[in-house]
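K.L.:
Supplied in structure tokens, the structure appears directly below.
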Amino acid sequence: MDFSFLSDYSYYFLTGTVNTVLIAFLTVIFGVVIGTLLALMKISSNGIFKFIASAYIEFIRGTPILVQALIFFYLIQIPDFKLFGLEMARFIPGVIALSINSGAYVAEIIRAGIQAVDRGQMEASRSLGFTSGQSMRYIIIPQAIKNILPALGNEFIVVIKESSILSVIGIVELMRSADIVKSAIYRPFEPLLVAAVIYFILTFTLSRVLGIAERRMHTGD
Amino acid sequence: MINVKNLHKKFGKLHVLKGIDTRIEKGEVVVVIGPSGSGKSTFLRCLNLLEQPSDGEIIFEGINITDKRNDINKQRQKMGMVFQNFNLFPHLTVFENITLGPRKLKGETPEQAEKNAMSLLKRIGLEEKANNYPAQLSGGQKQRIAIVRALAMSPDVMLFDEPTSALDPEMVGEVLEVMKELASEGMTMVVVTHEMGFAREVGTRVLFMDEGKIKEEARPEEIFSNPKHERTREFLSKVL
């Protein structure tokens, strides 16, 4: 094994890592927005909303993310321009595809978090005269967040790993960087190993930080 | 104050309430007793529409609250409710539990709400717990706070759904004490309970429910000493 290529190519891995984190970060943010909407639709009493949300969640979870990424890449045609060195014609469809995918999973996390709040809380709040919307806002959501946040952290970790799929549409994230280096030095093994180690450092660090945050939150109970 | 006419409640095929008719007048303490499954909790929960009646009418202070066009949230502010499992909001302090409703729903200023909350807490001797969270309280304390939380909305009637059933025996007394005091101040109360001592001592009227109907209603001294209905006699002989 020979890692001497790192002195010449470490820049690729650095950019790739930065882009991977950026993609994952944006995806989690948009995923939470989409997921919140879907979760609220799914627990609403409106049959049409319920159906739309369920259909969305089932469809997204029942199809491979690779297929979804490619569909969005060909579906969303935007003029190519660069922002922070990223080709937006690839980057934007990629982040949209991942966000739409992640939203379906986040929706289930949020729904489960809300439904885990004791039924009596809603009843107590309604019996004081709060509307169901006010009860959600003042009583249910603040309690549900405690259930949701740890699971959302895990979703962040999942997204970091899944973003590697975006290499197929040519976004230069960590996986694609490893690919580029691989072709440049005619050696497949070492660049992939470097990528794997970087992915692991990212996810492991994150899961440790989340563990600490979770323990802090519980001592606050 | 509350007029219940031909109230029915079905859960799917299960017919829980089979035609309840009764009037609750201002200042009354109506105690609802009966075997489990008789529908007494469902009846109470129908009074503020936590359960939607399947049929019948409930008129509260002249307003038909079972009317679909009525906004129940207004009347719920006038109907305090106390639950078996307290249902305090665990993410809020005792003080916030009490002041949330008055501030958000009645538009009380923080100063007003604080003044009321502290005087209510003082009444039940828990003012030093104002900044504690519910998890730091005993069951009896929780239930007293839950009563005070409902009182902070200055309701016209208080509904109690088995308020002492989830308590350790030694904490039942402190909760009943608060309820007695409330009754003596003239609060209109509807109490679902298994505490026959409370029914006898504080109740102005006792409803005996069985199989979704009011089988018998009378003043407590009457119903306890001379029950008319066979089922009432049988039930009372088991619980007394």
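Residues are named by chain letter and number: chains run A, B, ... in the order of the structure tokens, numbers start at 1 in each chain, and ligands are numbered from 1 in the order shown.
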Could you go through stretch 9-122 of chain B and tell me which residues DSSP, when run on the backbone, assigns to strand (DSSP E or B), listing them as a ChimeraX atom specification?
P.N.:
/B:9-11,14-24,29-33,55-60,63-64,79-82
K.L.:
Need to verify the contact set: A:Leu14, 9 Å, only C-alpha atoms, exclusion of same-chain residues closer than 4 positions in sequence. Can you return it as JSON, numbers by chain?
P.N.:
{"A": [10, 18, 19, 174, 177]}
K.L.:
If you keep N, CA and C atoms, can you produce a file of those selected residues as a PDB file, in the first residue's frame?
P.N.:
```
ATOM      1  N   SER A  10      -4.344  15.579  -1.869  1.00  0.00           N
ATOM      2  CA  SER A  10      -5.162  15.789  -0.663  1.00  0.00           C
ATOM      3  C   SER A  10      -6.188  16.904  -0.868  1.00  0.00           C
ATOM      4  N   VAL A  18     -15.585  18.763   2.248  1.00  0.00           N
ATOM      5  CA  VAL A  18     -16.351  19.995   2.487  1.00  0.00           C
ATOM      6  C   VAL A  18     -17.696  19.917   1.767  1.00  0.00           C
ATOM      7  N   ASN A  19     -17.666  19.461   0.515  1.00  0.00           N
ATOM      8  CA  ASN A  19     -18.912  19.381  -0.251  1.00  0.00           C
ATOM      9  C   ASN A  19     -19.878  18.352   0.330  1.00  0.00           C
ATOM     10  N   LEU A 174     -17.257  13.660  -1.668  1.00  0.00           N
ATOM     11  CA  LEU A 174     -16.136  12.828  -1.245  1.00  0.00           C
ATOM     12  C   LEU A 174     -15.948  11.576  -2.116  1.00  0.00           C
ATOM     13  N   SER A 177     -14.594  12.484  -5.482  1.00  0.00           N
ATOM     14  CA  SER A 177     -13.183  12.887  -5.350  1.00  0.00           C
ATOM     15  C   SER A 177     -12.286  11.655  -5.348  1.00  0.00           C
TER      16      SER A 177
END
```
K.L.:
Suppose you want the space between atom CA of A:Glu190 and atom CA of A:Gly85; what is it in Å?
P.N.:
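Separation of atom CA of A:Glu190 and atom CA of A:Gly85: 25.7 Å.
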K.L.:
Identify which of the residues B:Glu61, B:Glu234, B:Glu195, B:Glu211 lies closest to B:His15, counting only C-alpha atoms when measuring atom-to-atom distances.
P.N.:
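That would be B:Glu211, the residue with the smallest distance to B:His15.
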K.L.:
Taking only residues of chain B that have an atom at most 7 Å from an atom of chain A, what is each one's shortest atom pair and its distance in Å to one decimal, using only C-alpha atoms, in chain and number order, as a Markdown table?
P.N.:
```
| residue | atom | partner | partner_atom | distance |
| --- | --- | --- | --- | --- |
| B:Leu50 | CA | A:Glu123 | CA | 7.0 |
| B:Asn73 | CA | A:Gly129 | CA | 4.5 |
| B:Lys74 | CA | A:Gly129 | CA | 6.4 |
| B:Arg76 | CA | A:Gly129 | CA | 4.8 |
| B:Gln77 | CA | A:Gly129 | CA | 4.7 |
| B:Gly80 | CA | A:Leu128 | CA | 6.6 |
| B:Met81 | CA | A:Ser127 | CA | 6.2 |
| B:Asn87 | CA | A:Gly120 | CA | 5.7 |
| B:Phe89 | CA | A:Gln121 | CA | 6.7 |
| B:His91 | CA | A:Gln143 | CA | 6.5 |
| B:Gly101 | CA | A:Leu128 | CA | 6.5 |
| B:Ala150 | CA | A:Leu128 | CA | 6.9 |
```
K.L.:
Can I get the selected residues back with C-alpha atoms, as a short mmCIF file (atom, residue, chain, number, x, y, z; two decimals), in the first residue's frame?
P.N.:
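Final output, saved to part03.cif:
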```cif
data_model
loop_
_atom_site.label_atom_id
_atom_site.label_comp_id
_atom_site.auth_asym_id
_atom_site.auth_seq_id
_atom_site.Cartn_x
_atom_site.Cartn_y
_atom_site.Cartn_z
CA LEU B 50 -63.49 15.67 25.05
CA ASN B 73 -62.99 26.35 22.99
CA LYS B 74 -64.83 29.32 24.49
CA ARG B 76 -64.00 24.95 27.78
CA GLN B 77 -62.36 27.98 29.35
CA GLY B 80 -62.11 23.25 34.42
CA MET B 81 -61.13 19.62 34.19
CA ASN B 87 -51.69 15.54 32.88
CA PHE B 89 -47.27 19.67 31.23
CA HIS B 91 -41.83 20.59 29.99
CA GLY B 101 -53.86 29.33 29.98
CA ALA B 150 -57.84 24.57 36.10
#
```
K.L.:
Could you tell me how far atom CA of B:Asn116 sits from atom CA of B:Val192, in Å to one decimal place?
P.N.:
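Separation between atom CA of B:Val192 and atom CA of B:Asn116: 27.4 Å.
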K.L.:
Go ahead and compute the interatomic distance for atom CA of A:Ile71 and atom CA of A:Val95, in Å to one decimal.
P.N.:
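Atom CA of A:Val95 lies at a distance of 12.6 Å from atom CA of A:Ile71.
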K.L.:
Do a neighbour search on B:Met171 at 10 Å with only C-alpha atoms, toss out local chain neighbours closer than 5 positions, and write the hits as number ranges by chain.
P.N.:
B: 138-141, 143, 164, 166, 176
K.L.:
I need the helix (DSSP H, G or I) residues of stretch 135-210 of chain B per DSSP on the backbone, written as an mmCIF file with all heavy atoms, in the first residue's frame.
P.N.:
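Below is the file part-v5.cif, written as the result:
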```cif
data_model
loop_
_atom_site.group_PDB
_atom_site.id
_atom_site.type_symbol
_atom_site.label_atom_id
_atom_site.label_comp_id
_atom_site.auth_asym_id
_atom_site.auth_seq_id
_atom_site.Cartn_x
_atom_site.Cartn_y
_atom_site.Cartn_z
ATOM 1 N N ALA B 135 -42.104 16.609 37.368
ATOM 2 C CA ALA B 135 -41.420 15.363 37.714
ATOM 3 C C ALA B 135 -40.843 15.399 39.128
ATOM 4 O O ALA B 135 -40.543 14.353 39.710
ATOM 5 C CB ALA B 135 -40.312 15.083 36.709
ATOM 6 N N GLN B 136 -40.692 16.608 39.693
ATOM 7 C CA GLN B 136 -40.103 16.713 41.032
ATOM 8 C C GLN B 136 -41.157 16.687 42.139
ATOM 9 O O GLN B 136 -40.828 16.863 43.307
ATOM 10 C CB GLN B 136 -39.305 18.021 41.124
ATOM 11 C CG GLN B 136 -38.168 18.088 40.119
ATOM 12 C CD GLN B 136 -37.635 19.500 39.949
ATOM 13 O OE1 GLN B 136 -38.394 20.443 39.711
ATOM 14 N NE2 GLN B 136 -36.323 19.651 40.067
ATOM 15 N N GLY B 139 -47.351 12.573 43.753
ATOM 16 C CA GLY B 139 -48.647 12.461 43.081
ATOM 17 C C GLY B 139 -49.691 13.422 43.638
ATOM 18 O O GLY B 139 -50.403 14.083 42.896
ATOM 19 N N GLY B 140 -49.747 13.493 44.963
ATOM 20 C CA GLY B 140 -50.725 14.375 45.592
ATOM 21 C C GLY B 140 -50.476 15.832 45.243
ATOM 22 O O GLY B 140 -51.406 16.592 44.968
ATOM 23 N N GLN B 141 -49.187 16.195 45.241
ATOM 24 C CA GLN B 141 -48.845 17.577 44.875
ATOM 25 C C GLN B 141 -49.229 17.855 43.425
ATOM 26 O O GLN B 141 -49.780 18.904 43.113
ATOM 27 C CB GLN B 141 -47.342 17.810 45.086
ATOM 28 C CG GLN B 141 -46.959 17.817 46.551
ATOM 29 C CD GLN B 141 -45.453 17.858 46.765
ATOM 30 O OE1 GLN B 141 -44.674 17.422 45.921
ATOM 31 N NE2 GLN B 141 -45.035 18.382 47.900
ATOM 32 N N LYS B 142 -48.924 16.884 42.546
ATOM 33 C CA LYS B 142 -49.270 17.060 41.129
ATOM 34 C C LYS B 142 -50.757 17.312 40.956
ATOM 35 O O LYS B 142 -51.166 18.202 40.225
ATOM 36 C CB LYS B 142 -48.893 15.811 40.326
ATOM 37 C CG LYS B 142 -47.430 15.685 40.000
ATOM 38 C CD LYS B 142 -47.207 14.447 39.139
ATOM 39 C CE LYS B 142 -45.753 14.034 39.199
ATOM 40 N NZ LYS B 142 -45.497 12.726 38.631
ATOM 41 N N GLN B 143 -51.565 16.508 41.648
ATOM 42 C CA GLN B 143 -52.996 16.647 41.454
ATOM 43 C C GLN B 143 -53.510 17.974 42.015
ATOM 44 O O GLN B 143 -54.390 18.586 41.433
ATOM 45 C CB GLN B 143 -53.737 15.451 42.082
ATOM 46 C CG GLN B 143 -55.182 15.297 41.616
ATOM 47 C CD GLN B 143 -55.328 15.098 40.122
ATOM 48 O OE1 GLN B 143 -54.894 15.936 39.316
ATOM 49 N NE2 GLN B 143 -55.924 13.998 39.726
ATOM 50 N N ARG B 144 -52.916 18.421 43.122
ATOM 51 C CA ARG B 144 -53.331 19.726 43.661
ATOM 52 C C ARG B 144 -52.953 20.841 42.693
ATOM 53 O O ARG B 144 -53.720 21.785 42.489
ATOM 54 C CB ARG B 144 -52.703 19.957 45.028
ATOM 55 C CG ARG B 144 -53.433 19.166 46.126
ATOM 56 C CD ARG B 144 -52.495 18.689 47.189
ATOM 57 N NE ARG B 144 -51.934 19.766 47.995
ATOM 58 C CZ ARG B 144 -50.827 19.655 48.725
ATOM 59 N NH1 ARG B 144 -50.169 18.503 48.745
ATOM 60 N NH2 ARG B 144 -50.367 20.677 49.413
ATOM 61 N N ILE B 145 -51.776 20.698 42.069
ATOM 62 C CA ILE B 145 -51.375 21.699 41.067
ATOM 63 C C ILE B 145 -52.329 21.652 39.873
ATOM 64 O O ILE B 145 -52.721 22.691 39.334
ATOM 65 C CB ILE B 145 -49.931 21.431 40.564
ATOM 66 C CG1 ILE B 145 -48.924 21.457 41.719
ATOM 67 C CG2 ILE B 145 -49.546 22.409 39.462
ATOM 68 C CD1 ILE B 145 -48.650 22.790 42.299
ATOM 69 N N ALA B 146 -52.719 20.425 39.481
ATOM 70 C CA ALA B 146 -53.620 20.302 38.332
ATOM 71 C C ALA B 146 -54.953 20.983 38.628
ATOM 72 O O ALA B 146 -55.540 21.626 37.755
ATOM 73 C CB ALA B 146 -53.833 18.831 37.992
ATOM 74 N N ILE B 147 -55.418 20.863 39.860
ATOM 75 C CA ILE B 147 -56.669 21.530 40.247
ATOM 76 C C ILE B 147 -56.499 23.046 40.149
ATOM 77 O O ILE B 147 -57.321 23.750 39.583
ATOM 78 C CB ILE B 147 -57.085 21.117 41.691
ATOM 79 C CG1 ILE B 147 -57.466 19.629 41.712
ATOM 80 C CG2 ILE B 147 -58.236 21.975 42.183
ATOM 81 C CD1 ILE B 147 -57.707 19.062 43.107
ATOM 82 N N VAL B 148 -55.360 23.507 40.662
ATOM 83 C CA VAL B 148 -55.094 24.943 40.648
ATOM 84 C C VAL B 148 -54.931 25.466 39.213
ATOM 85 O O VAL B 148 -55.375 26.560 38.886
ATOM 86 C CB VAL B 148 -53.839 25.232 41.508
ATOM 87 C CG1 VAL B 148 -53.244 26.564 41.151
ATOM 88 C CG2 VAL B 148 -54.187 25.174 42.974
ATOM 89 N N ARG B 149 -54.335 24.643 38.364
ATOM 90 C CA ARG B 149 -54.181 25.048 36.966
ATOM 91 C C ARG B 149 -55.550 25.288 36.329
ATOM 92 O O ARG B 149 -55.751 26.259 35.600
ATOM 93 C CB ARG B 149 -53.438 23.969 36.176
ATOM 94 C CG ARG B 149 -53.334 24.276 34.693
ATOM 95 C CD ARG B 149 -52.531 23.241 33.947
ATOM 96 N NE ARG B 149 -53.229 21.950 33.871
ATOM 97 C CZ ARG B 149 -52.731 20.869 33.264
ATOM 98 N NH1 ARG B 149 -51.527 20.923 32.712
ATOM 99 N NH2 ARG B 149 -53.419 19.753 33.227
ATOM 100 N N ALA B 150 -56.494 24.399 36.633
ATOM 101 C CA ALA B 150 -57.844 24.573 36.096
ATOM 102 C C ALA B 150 -58.514 25.797 36.724
ATOM 103 O O ALA B 150 -59.186 26.570 36.044
ATOM 104 C CB ALA B 150 -58.671 23.318 36.354
ATOM 105 N N LEU B 151 -58.284 26.000 38.032
ATOM 106 C CA LEU B 151 -58.916 27.130 38.723
ATOM 107 C C LEU B 151 -58.410 28.472 38.223
ATOM 108 O O LEU B 151 -59.121 29.468 38.260
ATOM 109 C CB LEU B 151 -58.661 27.031 40.235
ATOM 110 C CG LEU B 151 -59.431 25.953 40.985
ATOM 111 C CD1 LEU B 151 -58.996 25.940 42.445
ATOM 112 C CD2 LEU B 151 -60.932 26.189 40.871
ATOM 113 N N PRO B 169 -52.380 5.756 48.613
ATOM 114 C CA PRO B 169 -53.435 5.995 49.609
ATOM 115 C C PRO B 169 -53.161 7.189 50.528
ATOM 116 O O PRO B 169 -54.076 7.945 50.830
ATOM 117 C CB PRO B 169 -53.460 4.690 50.400
ATOM 118 C CG PRO B 169 -52.951 3.667 49.460
ATOM 119 C CD PRO B 169 -51.957 4.349 48.577
ATOM 120 N N GLU B 170 -51.904 7.370 50.918
ATOM 121 C CA GLU B 170 -51.667 8.440 51.906
ATOM 122 C C GLU B 170 -51.759 9.841 51.290
ATOM 123 O O GLU B 170 -51.705 10.829 51.994
ATOM 124 C CB GLU B 170 -50.315 8.248 52.617
ATOM 125 C CG GLU B 170 -49.095 8.631 51.815
ATOM 126 C CD GLU B 170 -48.473 7.429 51.116
ATOM 127 O OE1 GLU B 170 -49.205 6.488 50.761
ATOM 128 O OE2 GLU B 170 -47.264 7.448 50.917
ATOM 129 N N MET B 171 -51.912 9.904 49.947
ATOM 130 C CA MET B 171 -51.998 11.219 49.309
ATOM 131 C C MET B 171 -53.418 11.586 48.903
ATOM 132 O O MET B 171 -53.673 12.688 48.446
ATOM 133 C CB MET B 171 -51.109 11.247 48.077
ATOM 134 C CG MET B 171 -49.652 11.169 48.455
ATOM 135 S SD MET B 171 -48.635 10.944 47.022
ATOM 136 C CE MET B 171 -47.043 10.856 47.821
ATOM 137 N N VAL B 172 -54.317 10.618 49.091
ATOM 138 C CA VAL B 172 -55.709 10.867 48.692
ATOM 139 C C VAL B 172 -56.296 12.016 49.510
ATOM 140 O O VAL B 172 -56.953 12.913 48.988
ATOM 141 C CB VAL B 172 -56.553 9.583 48.857
ATOM 142 C CG1 VAL B 172 -58.022 9.867 48.676
ATOM 143 C CG2 VAL B 172 -56.085 8.526 47.853
ATOM 144 N N GLY B 173 -55.981 11.987 50.815
ATOM 145 C CA GLY B 173 -56.572 12.962 51.724
ATOM 146 C C GLY B 173 -56.312 14.403 51.331
ATOM 147 O O GLY B 173 -57.231 15.226 51.303
ATOM 148 N N GLU B 174 -55.054 14.708 50.966
ATOM 149 C CA GLU B 174 -54.707 16.097 50.674
ATOM 150 C C GLU B 174 -55.453 16.624 49.449
ATOM 151 O O GLU B 174 -55.817 17.798 49.386
ATOM 152 C CB GLU B 174 -53.185 16.248 50.483
ATOM 153 C CG GLU B 174 -52.595 15.401 49.369
ATOM 154 C CD GLU B 174 -51.057 15.404 49.358
ATOM 155 O OE1 GLU B 174 -50.444 14.663 50.155
ATOM 156 O OE2 GLU B 174 -50.506 16.164 48.553
ATOM 157 N N VAL B 175 -55.706 15.708 48.486
ATOM 158 C CA VAL B 175 -56.431 16.137 47.285
ATOM 159 C C VAL B 175 -57.912 16.349 47.608
ATOM 160 O O VAL B 175 -58.513 17.355 47.224
ATOM 161 C CB VAL B 175 -56.245 15.110 46.153
ATOM 162 C CG1 VAL B 175 -57.163 15.425 44.978
ATOM 163 C CG2 VAL B 175 -54.796 15.086 45.698
ATOM 164 N N LEU B 176 -58.482 15.403 48.365
ATOM 165 C CA LEU B 176 -59.893 15.543 48.741
ATOM 166 C C LEU B 176 -60.112 16.815 49.566
ATOM 167 O O LEU B 176 -61.132 17.481 49.436
ATOM 168 C CB LEU B 176 -60.358 14.310 49.525
ATOM 169 C CG LEU B 176 -60.456 13.023 48.713
ATOM 170 C CD1 LEU B 176 -60.934 11.874 49.596
ATOM 171 C CD2 LEU B 176 -61.389 13.181 47.519
ATOM 172 N N GLU B 177 -59.112 17.130 50.385
ATOM 173 C CA GLU B 177 -59.197 18.329 51.218
ATOM 174 C C GLU B 177 -59.378 19.580 50.353
ATOM 175 O O GLU B 177 -60.226 20.430 50.632
ATOM 176 C CB GLU B 177 -57.925 18.420 52.067
ATOM 177 C CG GLU B 177 -58.093 19.141 53.378
ATOM 178 C CD GLU B 177 -59.334 18.691 54.154
ATOM 179 O OE1 GLU B 177 -59.511 17.478 54.400
ATOM 180 O OE2 GLU B 177 -60.129 19.575 54.484
ATOM 181 N N VAL B 178 -58.565 19.665 49.286
ATOM 182 C CA VAL B 178 -58.656 20.815 48.378
ATOM 183 C C VAL B 178 -60.034 20.846 47.716
ATOM 184 O O VAL B 178 -60.653 21.905 47.578
ATOM 185 C CB VAL B 178 -57.546 20.751 47.296
ATOM 186 C CG1 VAL B 178 -57.712 21.855 46.270
ATOM 187 C CG2 VAL B 178 -56.177 20.833 47.942
ATOM 188 N N MET B 179 -60.527 19.669 47.341
ATOM 189 C CA MET B 179 -61.828 19.609 46.679
ATOM 190 C C MET B 179 -62.958 20.006 47.629
ATOM 191 O O MET B 179 -63.896 20.697 47.238
ATOM 192 C CB MET B 179 -62.067 18.195 46.129
ATOM 193 C CG MET B 179 -61.141 17.865 44.961
ATOM 194 S SD MET B 179 -61.176 16.118 44.508
ATOM 195 C CE MET B 179 -62.870 15.938 43.985
ATOM 196 N N LYS B 180 -62.835 19.583 48.886
ATOM 197 C CA LYS B 180 -63.843 19.961 49.887
ATOM 198 C C LYS B 180 -63.894 21.468 50.064
ATOM 199 O O LYS B 180 -64.960 22.067 50.124
ATOM 200 C CB LYS B 180 -63.502 19.319 51.242
ATOM 201 C CG LYS B 180 -64.023 17.901 51.389
ATOM 202 C CD LYS B 180 -63.624 17.344 52.756
ATOM 203 C CE LYS B 180 -63.585 15.831 52.675
ATOM 204 N NZ LYS B 180 -62.953 15.226 53.852
ATOM 205 N N GLU B 181 -62.702 22.034 50.135
ATOM 206 C CA GLU B 181 -62.619 23.470 50.331
ATOM 207 C C GLU B 181 -63.287 24.202 49.167
ATOM 208 O O GLU B 181 -64.025 25.162 49.346
ATOM 209 C CB GLU B 181 -61.141 23.856 50.427
ATOM 210 C CG GLU B 181 -60.884 25.106 51.229
ATOM 211 C CD GLU B 181 -59.412 25.456 51.181
ATOM 212 O OE1 GLU B 181 -58.609 24.622 51.647
ATOM 213 O OE2 GLU B 181 -59.068 26.530 50.656
ATOM 214 N N LEU B 182 -63.012 23.685 47.986
ATOM 215 C CA LEU B 182 -63.577 24.267 46.774
ATOM 216 C C LEU B 182 -65.105 24.206 46.820
ATOM 217 O O LEU B 182 -65.797 25.170 46.495
ATOM 218 C CB LEU B 182 -63.042 23.464 45.587
ATOM 219 C CG LEU B 182 -62.970 24.111 44.230
ATOM 220 C CD1 LEU B 182 -62.220 25.424 44.293
ATOM 221 C CD2 LEU B 182 -62.269 23.154 43.263
ATOM 222 N N ALA B 183 -65.607 23.044 47.255
ATOM 223 C CA ALA B 183 -67.062 22.862 47.331
ATOM 224 C C ALA B 183 -67.658 23.833 48.345
ATOM 225 O O ALA B 183 -68.709 24.433 48.101
ATOM 226 C CB ALA B 183 -67.384 21.424 47.712
ATOM 227 N N SER B 184 -66.954 24.021 49.453
ATOM 228 C CA SER B 184 -67.499 24.885 50.494
ATOM 229 C C SER B 184 -67.523 26.348 50.056
ATOM 230 O O SER B 184 -68.274 27.159 50.587
ATOM 231 C CB SER B 184 -66.685 24.744 51.789
ATOM 232 O OG SER B 184 -65.405 25.305 51.601
ATOM 233 N N MET B 196 -66.433 7.025 48.405
ATOM 234 C CA MET B 196 -67.803 7.143 48.893
ATOM 235 C C MET B 196 -67.900 8.118 50.071
ATOM 236 O O MET B 196 -68.897 8.801 50.244
ATOM 237 C CB MET B 196 -68.342 5.765 49.305
ATOM 238 C CG MET B 196 -68.458 4.803 48.133
ATOM 239 S SD MET B 196 -69.477 5.467 46.815
ATOM 240 C CE MET B 196 -68.706 4.720 45.393
ATOM 241 N N GLY B 197 -66.813 8.172 50.854
ATOM 242 C CA GLY B 197 -66.790 9.125 51.970
ATOM 243 C C GLY B 197 -66.960 10.550 51.464
ATOM 244 O O GLY B 197 -67.737 11.334 52.010
ATOM 245 N N PHE B 198 -66.262 10.859 50.380
ATOM 246 C CA PHE B 198 -66.356 12.197 49.789
ATOM 247 C C PHE B 198 -67.765 12.443 49.277
ATOM 248 O O PHE B 198 -68.352 13.508 49.501
ATOM 249 C CB PHE B 198 -65.341 12.327 48.647
ATOM 250 C CG PHE B 198 -65.403 13.647 47.924
ATOM 251 C CD1 PHE B 198 -64.706 14.749 48.409
ATOM 252 C CD2 PHE B 198 -66.157 13.789 46.770
ATOM 253 C CE1 PHE B 198 -64.773 15.962 47.749
ATOM 254 C CE2 PHE B 198 -66.224 15.002 46.113
ATOM 255 C CZ PHE B 198 -65.531 16.096 46.605
ATOM 256 N N ALA B 199 -68.336 11.430 48.612
ATOM 257 C CA ALA B 199 -69.681 11.568 48.057
ATOM 258 C C ALA B 199 -70.682 11.888 49.179
ATOM 259 O O ALA B 199 -71.512 12.783 49.058
ATOM 260 C CB ALA B 199 -70.088 10.290 47.341
ATOM 261 N N ARG B 200 -70.553 11.178 50.269
ATOM 262 C CA ARG B 200 -71.485 11.328 51.375
ATOM 263 C C ARG B 200 -71.326 12.689 52.053
ATOM 264 O O ARG B 200 -72.297 13.360 52.361
ATOM 265 C CB ARG B 200 -71.203 10.211 52.394
ATOM 266 C CG ARG B 200 -72.331 9.951 53.376
ATOM 267 C CD ARG B 200 -71.815 9.140 54.536
ATOM 268 N NE ARG B 200 -71.361 7.811 54.127
ATOM 269 C CZ ARG B 200 -72.059 6.691 54.341
ATOM 270 N NH1 ARG B 200 -73.231 6.747 54.923
ATOM 271 N NH2 ARG B 200 -71.577 5.535 53.976
ATOM 272 N N GLU B 201 -70.060 13.072 52.213
ATOM 273 C CA GLU B 201 -69.782 14.259 53.025
ATOM 274 C C GLU B 201 -69.968 15.544 52.229
ATOM 275 O O GLU B 201 -70.485 16.533 52.738
ATOM 276 C CB GLU B 201 -68.328 14.162 53.511
ATOM 277 C CG GLU B 201 -68.019 14.971 54.727
ATOM 278 C CD GLU B 201 -66.561 14.807 55.121
ATOM 279 O OE1 GLU B 201 -66.034 13.681 54.982
ATOM 280 O OE2 GLU B 201 -65.942 15.800 55.507
ATOM 281 N N VAL B 202 -69.528 15.550 50.974
ATOM 282 C CA VAL B 202 -69.458 16.801 50.224
ATOM 283 C C VAL B 202 -70.540 16.891 49.154
ATOM 284 O O VAL B 202 -70.973 17.978 48.791
ATOM 285 C CB VAL B 202 -68.060 16.955 49.569
ATOM 286 C CG1 VAL B 202 -67.905 18.297 48.910
ATOM 287 C CG2 VAL B 202 -66.977 16.744 50.605
#
```
K.L.:
So, counting only C-alpha atoms, which residue among B:Leu100, B:Glu230, B:Pro53, B:Ser154 is closest to B:Glu216?
P.N.:
B:Glu230
K.L.:
Go through B:Ser119, B:Asn226, B:Thr22, B:Ser237 and flag the residue nearest B:Phe95, using only C-alpha atoms for the distances.
P.N.:
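Closest residue, counting only C-alpha atoms: B:Ser119.
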K.L.:
Any idea what's packed within 12 Å of A:Val158, counting only C-alpha atoms, ignoring anything in its chain fewer than 4 positions away? Could you give it as a list in words?
P.N.:
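In the requested format, the answer is Val21, Ala24, Phe25, Thr27, Val28, Leu98, Asn101, Ser102, Tyr105, Val106, Ala151, Leu152, Gly153, Asn154, Glu162, Ser163, Ser164, Ile165, Tyr199, Phe200, Leu202, Thr203, Phe204, Leu206 and Ser207 of chain A.
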K.L.:
So, counting only C-alpha atoms, which residue among B:Phe224, B:Phe83, B:Tyr133, B:Phe235 is closest to B:Leu44?
P.N.:
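Among B:Phe224, B:Phe83, B:Tyr133, B:Phe235, it is B:Phe83 that comes nearest to B:Leu44.
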K.L.:
Pick out the residues sitting within 12 Å of A:Ile43, and hand them over as a ChimeraX atom specification; count only C-alpha atoms, and ignore anything fewer than 4 positions along from it in its own chain.
P.N.:
/A:36-39,47-54,107-108,110-115,132,136
K.L.:
Emit the selected residues as an mmCIF file, in the first residue's frame, including C-alpha atoms.
P.N.:
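Everything below was put into selection03.cif:
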```cif
data_model
loop_
_atom_site.group_PDB
_atom_site.id
_atom_site.type_symbol
_atom_site.label_atom_id
_atom_site.label_comp_id
_atom_site.auth_asym_id
_atom_site.auth_seq_id
_atom_site.Cartn_x
_atom_site.Cartn_y
_atom_site.Cartn_z
ATOM 1 C CA THR A 36 -42.490 18.506 9.176
ATOM 2 C CA LEU A 37 -45.057 19.377 6.532
ATOM 3 C CA LEU A 38 -45.605 15.718 5.668
ATOM 4 C CA ALA A 39 -45.854 14.682 9.320
ATOM 5 C CA GLY A 47 -58.283 12.638 4.356
ATOM 6 C CA ILE A 48 -56.744 14.194 1.240
ATOM 7 C CA PHE A 49 -53.696 15.517 3.130
ATOM 8 C CA LYS A 50 -53.329 12.154 4.814
ATOM 9 C CA PHE A 51 -53.413 10.340 1.508
ATOM 10 C CA ILE A 52 -50.909 12.659 -0.199
ATOM 11 C CA ALA A 53 -48.473 12.367 2.706
ATOM 12 C CA SER A 54 -48.781 8.590 2.943
ATOM 13 C CA ALA A 107 -41.658 12.732 8.333
ATOM 14 C CA GLU A 108 -41.842 9.356 10.017
ATOM 15 C CA ILE A 110 -41.475 13.567 13.452
ATOM 16 C CA ARG A 111 -44.793 11.725 13.329
ATOM 17 C CA ALA A 112 -43.512 9.104 15.741
ATOM 18 C CA GLY A 113 -42.127 11.832 18.009
ATOM 19 C CA ILE A 114 -45.439 13.663 18.118
ATOM 20 C CA GLN A 115 -47.473 10.533 18.654
ATOM 21 C CA SER A 132 -55.695 22.000 18.583
ATOM 22 C CA MET A 136 -49.588 21.612 19.221
#
```
K.L.:
Please list as a list in words every residue within 10 Å of B:Arg231, counting only C-alpha atoms and excluding residues in the same chain fewer than 2 positions away.
P.N.:
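Result of the neighbour search: Gly34, Pro35, Phe208, Met209, Asp210, Lys215, Glu216, Pro227, Lys228, His229, Arg233, Glu234, Phe235, Leu236 and Ser237 of chain B.
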